[in-house]
Amino acid sequence: MFVRLLGPVELVGEAGPVRLGGEKERTALAAMAVARPRPVDSDQLVAALWDEAPPRTAVKSMQSYVSRLRSVLGDAITSTATGYVLHADVDLEKAERLVADGLQRFEEGRAELAAERFGATLELWKGPSLSGVAATPAMELERARLDELARTTAEHRIAALLECGHGPNLVGELEVMVGEEPLRERRWAHLVTALYRSGRQADALRAYQRLRSTLADELGIDPSAELQELERRILARDPSLDPQRGPPTESPDDRLGSVERPTASTVVPLPDRLGSSTGSFAGRDAELGRLRVAWDRATTHGRRGVLLAGEPGIGKSTLMGRFARAVQGEGAAVLFGECNEDLGIAYHPWIEILAPLVEHLPVEILTDHVDACGAVLSRLVPALDRRVDLPPTVDAGPEAERYLLFGAVVDLLGRTPAPLLVVIDDLHWADRPTVQLLRHVMSSSALPDVLVVGAYRPTDVDRGDPLPRAIAELRRVDGVDVVALGGLDDAELLELLVATGHGGAGGGLALRDALAAETGGNPFFTLEILRHLAETGMLARDGDSPTATSDSFE
């Protein structure tokens, strides 16, 4: 379940919005959602539902509203000694994570990425915050807090775009913003700066005078010392007012002002399972295109995830291998892990993924990782102890240990000095810890330049397995895509026949149609039938065009 607060208050399930009762139920849900993960006690819920004069039956009525919500949310609402706790994703939490990440990117000098984060945050608002809830003082305070988050995020975005050299494109938007909030001096500072960087020094100074008159008329005060200093610097044509970098026109690395990225060969070698073509490849242009879009977004906007779903033999591994070789040739680092039905080792694919990093990353990077996260990762990859000196491990209990481990994995992946593709095959056999870590990594907003691609067979996933719930949760995560692979269509199947030397005219079409009817376009089964027919002499050739005898598919 997903709770939306940034707009009309809604409860959203896998099938879409879930029907709730009236205003009181939406208010109770919103009160629990804004407090997450803290509990909300009875007094707080009563204050949210009614103003200073609640009815005598307020507590009983409040309990009735919570009971109705529980009939929809089930175990997602729990009772503790201190109140009620909501266990559901909330759009506000996503907004706060995006803002924090944007501020960090801006502080690192990556203004373009920061602007993307702030823009993505603003897109979460679907209207005025907390629409449809009771207008009690408690909820009005929360509404004011969320509205302020939207306003400051909009200002953060403008600041980042100004640093990227977009001043001339922002003047109109900023005029609207100062008109809406004429006493917010930061907006005036942005407008003055944008005008100056557009070559409009006189207009910038006039804007400053407008602000001074507004403040004097409304509040009887002068502009802040910072704005007065900005005016002085404009009059002096201070070079420091120029943007730190121009608008992006080249690659993502160029527009972030970074040094040349290392190639994959300086980070980790290409995994053997992905290193060479293992047979004929045909079609899949649409699926490759979706992987490419996800990769481009990951290398410019941060972490992305793709889940490939398809029956056995449909070509998931072949597709991932082809894509991995392509991005590795462009300088990416590629990591691979595989789930095993019978192995029974917790986190096994992640051990395979992390081991090459521990083996090949520079000692300086590993040392920085250990300084930040301690020795926790050595429990998965003992070779870390061979590369760097580790501090003593601390027994923090299972829950805390898992939290630290997941953080350490994200930290090491994020330190890889090249764009990173992580491939996990056969997720239908994944153990619960592996799936939990996958969900954590695919949901992390702290990972730059990382695409995680996982493949699974829906036909081999049972209802009690950990994967279905994780997939349902990941579908709601921004930047995670689910791609279902079907059989090859007629054109792709003919392309496969040509690639394997079985694609003459006429007879090739007849063979294609027979194979399509028999295999549904499954590449593996198609190739197996072709091999069987060739070995048993059941393929008869008419010139260069192979045909199947009448009993070939009996």
# chains A, B, ... in the order shown; residues from 1 in each chain; ligands from 1
call {"tool": "select_by_dssp", "arguments": {"residues": "segment 129-223 of chain A", "states": "helix (DSSP H, G or I)", "output": "ChimeraX atom specification"}}
result
/A:137-163,167-180,185-197,201-218
call {"tool": "residues_around", "arguments": {"residues": "His301 of chain A", "least_positions_apart": "5", "cutoff": "9 Å", "atoms": "only C-alpha atoms", "output": "list in words"}}
result
Leu113, Glu116, Arg117, Asp296, Pro448 and Asp449 of chain A
call {"tool": "residues_around", "arguments": {"residues": "segment 170-174 of chain A", "least_positions_apart": "6", "cutoff": "10 Å", "atoms": "only C-alpha atoms", "output": "PyMOL selection string"}}
result
chain A and resi 155+158+161-162+180+187-195+198
call {"tool": "residues_around", "arguments": {"residues": "Gly21 of chain A", "least_positions_apart": "3", "cutoff": "9 Å", "atoms": "only C-alpha atoms", "output": "list in words"}}
result
Lys24, Glu25, Arg26, Tyr65, Arg68 and Leu69 of chain A
call {"tool": "write_last_selection", "arguments": {"atoms": "all heavy atoms", "output": "PDB file, in the first residue's frame"}}
result
ATOM      1  N   LYS A  24     -13.021  12.057   7.891  1.00  0.00           N
ATOM      2  CA  LYS A  24     -12.392  11.659   9.149  1.00  0.00           C
ATOM      3  C   LYS A  24     -11.408  10.508   8.942  1.00  0.00           C
ATOM      4  O   LYS A  24     -10.321  10.487   9.523  1.00  0.00           O
ATOM      5  CB  LYS A  24     -13.461  11.275  10.169  1.00  0.00           C
ATOM      6  CG  LYS A  24     -14.373  12.421  10.585  1.00  0.00           C
ATOM      7  CD  LYS A  24     -13.618  13.545  11.272  1.00  0.00           C
ATOM      8  CE  LYS A  24     -14.572  14.588  11.831  1.00  0.00           C
ATOM      9  NZ  LYS A  24     -13.868  15.746  12.431  1.00  0.00           N
ATOM     10  N   GLU A  25     -11.792   9.529   8.125  1.00  0.00           N
ATOM     11  CA  GLU A  25     -10.875   8.407   7.886  1.00  0.00           C
ATOM     12  C   GLU A  25      -9.633   8.870   7.144  1.00  0.00           C
ATOM     13  O   GLU A  25      -8.515   8.445   7.452  1.00  0.00           O
ATOM     14  CB  GLU A  25     -11.593   7.309   7.096  1.00  0.00           C
ATOM     15  CG  GLU A  25     -12.551   6.503   7.941  1.00  0.00           C
ATOM     16  CD  GLU A  25     -13.195   5.377   7.147  1.00  0.00           C
ATOM     17  OE1 GLU A  25     -12.528   4.807   6.284  1.00  0.00           O
ATOM     18  OE2 GLU A  25     -14.381   5.096   7.391  1.00  0.00           O
ATOM     19  N   ARG A  26      -9.808   9.760   6.154  1.00  0.00           N
ATOM     20  CA  ARG A  26      -8.643  10.290   5.448  1.00  0.00           C
ATOM     21  C   ARG A  26      -7.756  11.079   6.402  1.00  0.00           C
ATOM     22  O   ARG A  26      -6.526  11.019   6.321  1.00  0.00           O
ATOM     23  CB  ARG A  26      -9.090  11.169   4.282  1.00  0.00           C
ATOM     24  CG  ARG A  26      -9.709  10.410   3.124  1.00  0.00           C
ATOM     25  CD  ARG A  26      -9.803  11.288   1.879  1.00  0.00           C
ATOM     26  NE  ARG A  26     -10.651  12.459   2.102  1.00  0.00           N
ATOM     27  CZ  ARG A  26     -11.960  12.469   1.947  1.00  0.00           C
ATOM     28  NH1 ARG A  26     -12.595  11.364   1.567  1.00  0.00           N
ATOM     29  NH2 ARG A  26     -12.660  13.577   2.160  1.00  0.00           N
ATOM     30  N   TYR A  65     -12.775   4.934  13.463  1.00  0.00           N
ATOM     31  CA  TYR A  65     -12.134   5.299  12.198  1.00  0.00           C
ATOM     32  C   TYR A  65     -10.869   4.461  11.961  1.00  0.00           C
ATOM     33  O   TYR A  65     -10.611   4.002  10.846  1.00  0.00           O
ATOM     34  CB  TYR A  65     -11.776   6.786  12.193  1.00  0.00           C
ATOM     35  CG  TYR A  65     -12.980   7.698  12.308  1.00  0.00           C
ATOM     36  CD1 TYR A  65     -12.956   8.807  13.155  1.00  0.00           C
ATOM     37  CD2 TYR A  65     -14.134   7.452  11.573  1.00  0.00           C
ATOM     38  CE1 TYR A  65     -14.052   9.645  13.267  1.00  0.00           C
ATOM     39  CE2 TYR A  65     -15.244   8.283  11.683  1.00  0.00           C
ATOM     40  CZ  TYR A  65     -15.197   9.368  12.541  1.00  0.00           C
ATOM     41  OH  TYR A  65     -16.295  10.194  12.652  1.00  0.00           O
ATOM     42  N   ARG A  68     -11.828   0.988  10.861  1.00  0.00           N
ATOM     43  CA  ARG A  68     -12.198   0.918   9.445  1.00  0.00           C
ATOM     44  C   ARG A  68     -10.964   0.934   8.551  1.00  0.00           C
ATOM     45  O   ARG A  68     -10.913   0.230   7.538  1.00  0.00           O
ATOM     46  CB  ARG A  68     -13.113   2.103   9.101  1.00  0.00           C
ATOM     47  CG  ARG A  68     -14.475   2.067   9.778  1.00  0.00           C
ATOM     48  CD  ARG A  68     -15.282   3.299   9.397  1.00  0.00           C
ATOM     49  NE  ARG A  68     -16.411   3.503  10.318  1.00  0.00           N
ATOM     50  CZ  ARG A  68     -17.172   4.586  10.308  1.00  0.00           C
ATOM     51  NH1 ARG A  68     -16.919   5.559   9.436  1.00  0.00           N
ATOM     52  NH2 ARG A  68     -18.170   4.701  11.158  1.00  0.00           N
ATOM     53  N   LEU A  69      -9.970   1.746   8.919  1.00  0.00           N
ATOM     54  CA  LEU A  69      -8.731   1.754   8.139  1.00  0.00           C
ATOM     55  C   LEU A  69      -8.035   0.401   8.209  1.00  0.00           C
ATOM     56  O   LEU A  69      -7.488  -0.084   7.212  1.00  0.00           O
ATOM     57  CB  LEU A  69      -7.791   2.848   8.659  1.00  0.00           C
ATOM     58  CG  LEU A  69      -8.197   4.294   8.354  1.00  0.00           C
ATOM     59  CD1 LEU A  69      -7.266   5.264   9.079  1.00  0.00           C
ATOM     60  CD2 LEU A  69      -8.163   4.555   6.854  1.00  0.00           C
TER      61      LEU A  69
END
call {"tool": "closest_residue", "arguments": {"among": "A:Pro392, A:Pro269, A:Pro239, A:Gly305", "to": "Leu447 of chain A", "atoms": "only C-alpha atoms"}}
result
A:Gly305
call {"tool": "atom_distance", "arguments": {"atom1": "atom CA of Ala204 of chain A", "atom2": "atom CA of Glu181 of chain A"}}
result
18.2 Å
call {"tool": "residues_around", "arguments": {"residues": "Thr434 of chain A", "least_positions_apart": "6", "cutoff": "10 Å", "atoms": "only C-alpha atoms", "output": "tab-separated table (two decimals) with N, CA and C atoms, in the first residue's frame"}}
result
chain	number	residue	atom	x	y	z
A	339	CYS	N	21.56	-16.66	-8.75
A	339	CYS	CA	20.91	-17.44	-7.70
A	339	CYS	C	20.92	-18.91	-8.08
A	345	ILE	N	23.04	-20.73	0.23
A	345	ILE	CA	23.91	-19.77	0.89
A	345	ILE	C	23.25	-18.40	0.84
A	346	ALA	N	23.01	-17.80	2.00
A	346	ALA	CA	22.38	-16.49	2.04
A	346	ALA	C	23.26	-15.47	1.31
A	347	TYR	N	22.61	-14.60	0.56
A	347	TYR	CA	23.28	-13.52	-0.17
A	347	TYR	C	24.23	-14.02	-1.25
A	348	HIS	N	24.09	-15.28	-1.71
A	348	HIS	CA	25.08	-15.84	-2.62
A	348	HIS	C	25.33	-14.97	-3.86
A	349	PRO	N	24.30	-14.50	-4.60
A	349	PRO	CA	24.59	-13.66	-5.78
A	349	PRO	C	25.29	-12.36	-5.41
A	350	TRP	N	24.97	-11.81	-4.24
A	350	TRP	CA	25.64	-10.58	-3.83
A	350	TRP	C	27.09	-10.82	-3.49
A	351	ILE	N	27.40	-11.99	-2.97
A	351	ILE	CA	28.80	-12.34	-2.74
A	351	ILE	C	29.55	-12.36	-4.07
A	427	LEU	N	16.47	-14.93	-10.38
A	427	LEU	CA	15.96	-14.42	-9.12
A	427	LEU	C	14.82	-15.26	-8.55
A	440	HIS	N	16.51	-3.20	-1.32
A	440	HIS	CA	17.17	-2.04	-0.71
A	440	HIS	C	18.02	-1.30	-1.75
A	466	PRO	N	9.80	-15.02	-1.45
A	466	PRO	CA	9.97	-13.60	-1.11
A	466	PRO	C	9.91	-12.68	-2.31
A	467	LEU	N	10.10	-13.20	-3.53
A	467	LEU	CA	10.22	-12.33	-4.70
A	467	LEU	C	8.92	-11.60	-5.06
call {"tool": "residues_around", "arguments": {"residues": "Leu366 of chain A", "least_positions_apart": "5", "cutoff": "10 Å", "atoms": "only C-alpha atoms", "output": "JSON, numbers by chain"}}
result
{"A": [357, 358, 359, 360, 361, 371, 372, 384, 387, 388, 389, 412, 415, 416]}
call {"tool": "residues_around", "arguments": {"residues": "Leu377 of chain A", "least_positions_apart": "3", "cutoff": "9 Å", "atoms": "only C-alpha atoms", "output": "list in words"}}
result
Val370, Cys373, Gly374, Leu380, Val381, Pro382, Leu384, Leu404, Leu405, Phe406, Ala408 and Val409 of chain A
call {"tool": "closest_residue", "arguments": {"among": "A:Glu142, A:Arg475, A:Tyr403, A:Leu493", "to": "Ala510 of chain A", "atoms": "only C-alpha atoms"}}
result
A:Leu493
call {"tool": "select_by_dssp", "arguments": {"residues": "segment 171-352 of chain A", "states": "strand (DSSP E)", "output": "ChimeraX atom specification"}}
result
/A:304-309,333-338
call {"tool": "write_last_selection", "arguments": {"atoms": "C-alpha atoms", "output": "short mmCIF file (atom, residue, chain, number, x, y, z; two decimals), in the first residue's frame"}}
result
data_model
loop_
_atom_site.label_atom_id
_atom_site.label_comp_id
_atom_site.auth_asym_id
_atom_site.auth_seq_id
_atom_site.Cartn_x
_atom_site.Cartn_y
_atom_site.Cartn_z
CA ARG A 304 17.77 2.71 -11.88
CA GLY A 305 16.46 -0.87 -11.89
CA VAL A 306 15.00 -3.24 -14.45
CA LEU A 307 13.35 -6.60 -13.76
CA LEU A 308 13.27 -8.96 -16.76
CA ALA A 309 10.49 -11.53 -16.59
CA ALA A 333 31.96 -1.77 -15.00
CA VAL A 334 29.80 -4.91 -15.07
CA LEU A 335 29.13 -7.19 -12.10
CA PHE A 336 27.25 -10.49 -12.17
CA GLY A 337 25.59 -12.73 -9.61
CA GLU A 338 23.46 -15.85 -10.01
#
call {"tool": "closest_residue", "arguments": {"among": "A:Gly344, A:Pro271, A:Gly313, A:Pro419", "to": "Glu330 of chain A", "atoms": "only C-alpha atoms"}}
result
A:Pro419
call {"tool": "atom_distance", "arguments": {"atom1": "atom CA of Ala383 of chain A", "atom2": "atom CA of His369 of chain A"}}
result
14.2 Å
call {"tool": "closest_residue", "arguments": {"among": "A:Met139, A:Asp101, A:Gly331, A:Pro523", "to": "Leu497 of chain A", "atoms": "only C-alpha atoms"}}
result
A:Pro523
